[in-house]
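What follows is the content of coords.pdb, which has PDB, C-alpha atoms, pLDDT in the B column:
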```pdb
ATOM      1  CA  MET A   1     123.316  80.668 181.866  1.00 44.00           C
ATOM      2  CA  THR A   2     122.808  80.654 185.590  1.00 48.00           C
ATOM      3  CA  GLU A   3     120.042  78.039 185.415  1.00 55.00           C
ATOM      4  CA  PRO A   4     122.315  75.001 184.948  1.00 55.00           C
ATOM      5  CA  SER A   5     124.413  75.978 187.946  1.00 71.00           C
ATOM      6  CA  THR A   6     121.264  76.609 189.982  1.00 82.00           C
ATOM      7  CA  PHE A   7     119.892  73.288 188.815  1.00 75.00           C
ATOM      8  CA  GLU A   8     123.136  71.530 189.681  1.00 80.00           C
ATOM      9  CA  THR A   9     123.325  73.046 193.156  1.00 86.00           C
ATOM     10  CA  SER A  10     119.672  72.190 193.795  1.00 83.00           C
ATOM     11  CA  LEU A  11     120.349  68.663 192.624  1.00 79.00           C
ATOM     12  CA  VAL A  12     123.371  68.308 194.922  1.00 84.00           C
ATOM     13  CA  GLU A  13     121.362  69.613 197.885  1.00 87.00           C
ATOM     14  CA  TRP A  14     118.518  67.219 197.070  1.00 81.00           C
ATOM     15  CA  LYS A  15     120.904  64.252 196.808  1.00 82.00           C
ATOM     16  CA  HIS A  16     122.515  65.168 200.125  1.00 85.00           C
ATOM     17  CA  ARG A  17     119.207  65.718 201.916  1.00 87.00           C
ATOM     18  CA  HIS A  18     117.744  62.370 200.810  1.00 81.00           C
ATOM     19  CA  ARG A  19     121.077  60.515 200.906  1.00 82.00           C
ATOM     20  CA  ILE A  20     120.908  59.407 197.281  1.00 80.00           C
ATOM     21  CA  ARG A  21     123.977  57.769 195.753  1.00 80.00           C
ATOM     22  CA  ASP A  22     125.465  58.889 192.431  1.00 78.00           C
ATOM     23  CA  ASP A  23     124.566  55.598 190.706  1.00 78.00           C
ATOM     24  CA  ASP A  24     120.855  55.797 191.599  1.00 78.00           C
ATOM     25  CA  PRO A  25     118.503  55.141 188.616  1.00 78.00           C
ATOM     26  CA  ILE A  26     116.393  58.182 189.423  1.00 77.00           C
ATOM     27  CA  LEU A  27     119.391  60.393 188.716  1.00 79.00           C
ATOM     28  CA  ALA A  28     119.777  58.814 185.289  1.00 77.00           C
ATOM     29  CA  ALA A  29     116.100  59.540 184.558  1.00 79.00           C
ATOM     30  CA  LEU A  30     116.539  63.085 185.823  1.00 78.00           C
ATOM     31  CA  GLU A  31     119.569  63.591 183.598  1.00 79.00           C
ATOM     32  CA  LEU A  32     117.628  62.227 180.624  1.00 77.00           C
ATOM     33  CA  LEU A  33     114.831  64.725 181.297  1.00 77.00           C
ATOM     34  CA  LYS A  34     117.375  67.524 181.553  1.00 78.00           C
ATOM     35  CA  VAL A  35     118.863  66.587 178.157  1.00 76.00           C
ATOM     36  CA  PHE A  36     115.377  66.346 176.663  1.00 76.00           C
ATOM     37  CA  PHE A  37     114.325  69.803 177.845  1.00 75.00           C
ATOM     38  CA  GLN A  38     117.601  71.354 176.720  1.00 77.00           C
ATOM     39  CA  ASP A  39     117.352  69.990 173.175  1.00 75.00           C
ATOM     40  CA  VAL A  40     113.640  69.952 172.443  1.00 71.00           C
ATOM     41  CA  LYS A  41     111.853  72.875 170.885  1.00 69.00           C
ATOM     42  CA  ILE A  42     108.089  72.755 171.254  1.00 62.00           C
ATOM     43  CA  GLU A  43     106.215  74.540 168.494  1.00 64.00           C
ATOM     44  CA  LEU A  44     102.521  75.177 168.346  1.00 55.00           C
ATOM     45  CA  PRO A  45     100.765  74.330 165.093  1.00 59.00           C
ATOM     46  CA  ALA A  46     100.083  77.305 162.855  1.00 59.00           C
ATOM     47  CA  ASP A  47      96.355  76.604 162.663  1.00 60.00           C
ATOM     48  CA  SER A  48      95.754  76.756 166.405  1.00 59.00           C
ATOM     49  CA  ASP A  49      93.774  79.899 166.956  1.00 63.00           C
ATOM     50  CA  SER A  50      91.697  81.173 169.828  1.00 62.00           C
ATOM     51  CA  ALA A  51      88.464  79.800 168.298  1.00 63.00           C
ATOM     52  CA  LYS A  52      89.590  76.239 168.979  1.00 75.00           C
ATOM     53  CA  LEU A  53      90.495  77.182 172.524  1.00 74.00           C
ATOM     54  CA  VAL A  54      87.023  78.637 172.999  1.00 76.00           C
ATOM     55  CA  GLU A  55      85.501  75.404 171.667  1.00 80.00           C
ATOM     56  CA  VAL A  56      87.616  73.360 174.067  1.00 79.00           C
ATOM     57  CA  ARG A  57      86.598  75.613 176.949  1.00 83.00           C
ATOM     58  CA  ALA A  58      82.908  75.284 176.021  1.00 84.00           C
ATOM     59  CA  ALA A  59      83.266  71.502 175.828  1.00 85.00           C
ATOM     60  CA  ILE A  60      84.934  71.400 179.247  1.00 87.00           C
ATOM     61  CA  GLN A  61      82.187  73.572 180.724  1.00 89.00           C
ATOM     62  CA  GLN A  62      79.548  71.281 179.195  1.00 88.00           C
ATOM     63  CA  LEU A  63      81.305  68.248 180.677  1.00 86.00           C
ATOM     64  CA  ASN A  64      81.395  69.995 184.031  1.00 87.00           C
ATOM     65  CA  ARG A  65      77.636  70.667 183.867  1.00 88.00           C
ATOM     66  CA  LEU A  66      76.938  67.078 182.843  1.00 87.00           C
ATOM     67  CA  GLY A  67      79.142  65.802 185.670  1.00 85.00           C
ATOM     68  CA  THR A  68      77.296  67.998 188.158  1.00 86.00           C
ATOM     69  CA  ASP A  69      73.922  66.766 186.899  1.00 88.00           C
ATOM     70  CA  PHE A  70      75.112  63.167 187.038  1.00 87.00           C
ATOM     71  CA  SER A  71      76.349  63.527 190.601  1.00 87.00           C
ATOM     72  CA  LYS A  72      73.021  65.131 191.615  1.00 88.00           C
ATOM     73  CA  GLN A  73      71.071  62.272 190.063  1.00 89.00           C
ATOM     74  CA  THR A  74      73.377  59.766 191.737  1.00 87.00           C
ATOM     75  CA  ARG A  75      72.854  61.464 195.099  1.00 86.00           C
ATOM     76  CA  ASP A  76      69.059  61.394 194.595  1.00 88.00           C
ATOM     77  CA  LEU A  77      69.166  57.725 193.626  1.00 83.00           C
ATOM     78  CA  THR A  78      71.265  56.927 196.688  1.00 83.00           C
ATOM     79  CA  LEU A  79      68.742  58.684 198.930  1.00 84.00           C
ATOM     80  CA  GLU A  80      65.907  56.747 197.299  1.00 81.00           C
ATOM     81  CA  MET A  81      67.741  53.479 197.795  1.00 76.00           C
ATOM     82  CA  ARG A  82      68.273  54.294 201.457  1.00 77.00           C
ATOM     83  CA  THR A  83      64.506  54.575 201.933  1.00 74.00           C
ATOM     84  CA  LEU A  84      63.982  51.049 200.560  1.00 72.00           C
ATOM     85  CA  PRO A  85      64.634  49.304 203.917  1.00 69.00           C
ATOM     86  CA  GLU A  86      61.628  51.174 205.323  1.00 71.00           C
ATOM     87  CA  LEU A  87      59.569  49.953 202.377  1.00 67.00           C
ATOM     88  CA  ASP A  88      60.848  46.423 202.988  1.00 67.00           C
ATOM     89  CA  LYS A  89      59.731  46.629 206.643  1.00 70.00           C
ATOM     90  CA  GLN A  90      56.298  47.820 205.538  1.00 71.00           C
ATOM     91  CA  LEU A  91      56.017  44.967 203.054  1.00 70.00           C
ATOM     92  CA  ARG A  92      57.052  42.435 205.698  1.00 73.00           C
ATOM     93  CA  SER A  93      54.400  43.696 208.113  1.00 75.00           C
ATOM     94  CA  GLY A  94      51.822  43.577 205.294  1.00 78.00           C
ATOM     95  CA  ARG A  95      52.832  39.994 204.466  1.00 81.00           C
ATOM     96  CA  ALA A  96      52.516  38.982 208.106  1.00 81.00           C
ATOM     97  CA  THR A  97      49.061  40.544 208.305  1.00 85.00           C
ATOM     98  CA  ALA A  98      47.979  38.801 205.096  1.00 88.00           C
ATOM     99  CA  PHE A  99      49.292  35.473 206.431  1.00 89.00           C
ATOM    100  CA  VAL A 100      47.357  35.854 209.720  1.00 90.00           C
ATOM    101  CA  VAL A 101      44.161  36.842 207.892  1.00 92.00           C
ATOM    102  CA  THR A 102      44.542  33.872 205.513  1.00 94.00           C
ATOM    103  CA  ALA A 103      45.166  31.503 208.430  1.00 94.00           C
ATOM    104  CA  VAL A 104      42.088  32.787 210.297  1.00 95.00           C
ATOM    105  CA  ALA A 105      39.974  32.518 207.136  1.00 94.00           C
ATOM    106  CA  CYS A 106      41.173  28.939 206.545  1.00 93.00           C
ATOM    107  CA  LEU A 107      40.457  28.044 210.178  1.00 92.00           C
ATOM    108  CA  GLY A 108      36.968  29.550 209.929  1.00 92.00           C
ATOM    109  CA  ALA A 109      36.327  27.727 206.656  1.00 91.00           C
ATOM    110  CA  GLY A 110      37.547  24.458 208.218  1.00 90.00           C
ATOM    111  CA  ILE A 111      35.233  24.900 211.197  1.00 90.00           C
ATOM    112  CA  LEU A 112      32.270  25.707 208.963  1.00 89.00           C
ATOM    113  CA  ILE A 113      33.020  22.755 206.661  1.00 88.00           C
ATOM    114  CA  GLY A 114      33.369  20.425 209.610  1.00 86.00           C
ATOM    115  CA  LYS A 115      30.169  21.676 211.242  1.00 84.00           C
ATOM    116  CA  PHE A 116      27.896  21.589 208.196  1.00 82.00           C
ATOM    117  CA  LEU A 117      29.313  18.715 206.119  1.00 78.00           C
ATOM    118  CA  LEU A 118      30.084  16.164 208.773  1.00 67.00           C
TER     119      LEU A 118
END
```
Would you put the structure from the file into structure tokens?
Amino acid sequence: MTEPSTFETSLVEWKHRHRIRDDDPILAALELLKVFFQDVKIELPADSDSAKLVEVRAAIQQLNRLGTDFSKQTRDLTLEMRTLPELDKQLRSGRATAFVVTAVACLGAGILIGKFLL
């Protein structure tokens, strides 16, 4: 069992390098993790076969494709939204032209009404 001594020496070097005291809470958490990994035995369920792993891989690939498509559509939408200020400028110039034409038409109608009715 050379790992515990290697772990201990690495831990001592780490404490010295970062000037960490012996009563630091992070050391207590580290010791708790060490105890956990020494005593725990992780077992895979008996029904986990490669078919489920293939299904998970296919699902992840599908999610990746959907994410790529979504980001492409988002990029296209962003580009479309960036062209809207140009459309807004065009609409403003069209509104100004319509206002001038309406004002000239009203002035002409006022002159004609004044000339022929009064």
Quiz item: Hey, can you check how far atom CA of A:Ile60 sits from atom CA of A:Leu79?
Solution: 28.5 Å
Self-check item: Pairwise distance for atom CA of A:Thr9 and atom CA of A:Arg21, rounded to one decimal in Å
Solution: 15.5 Å
Quiz item: If you apply the PyMOL selection byres ((chain A and resi 23-35) around 12) to this file, what residues do you get, as a ChimeraX atom specification?
Solution: /A:3-4,7-8,11-12,14-15,18-22,36-41
Take every atom of stretch 26-29 of chain A listed in the file, pad by 6 Å on each side, and give me the axis-aligned box centre and edge lengths in Å, one decimal, as lines of an AutoDock Vina configuration file.
```
center_x = 117.9
center_y = 59.3
center_z = 187.0
size_x = 15.7
size_y = 14.2
size_z = 16.9
```
Exercise. To one decimal in Å, tell me the separation between atom CA of A:Gly94 and atom CA of A:Cys106.
Key: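 Distance between the two atoms: 18.1 Å.
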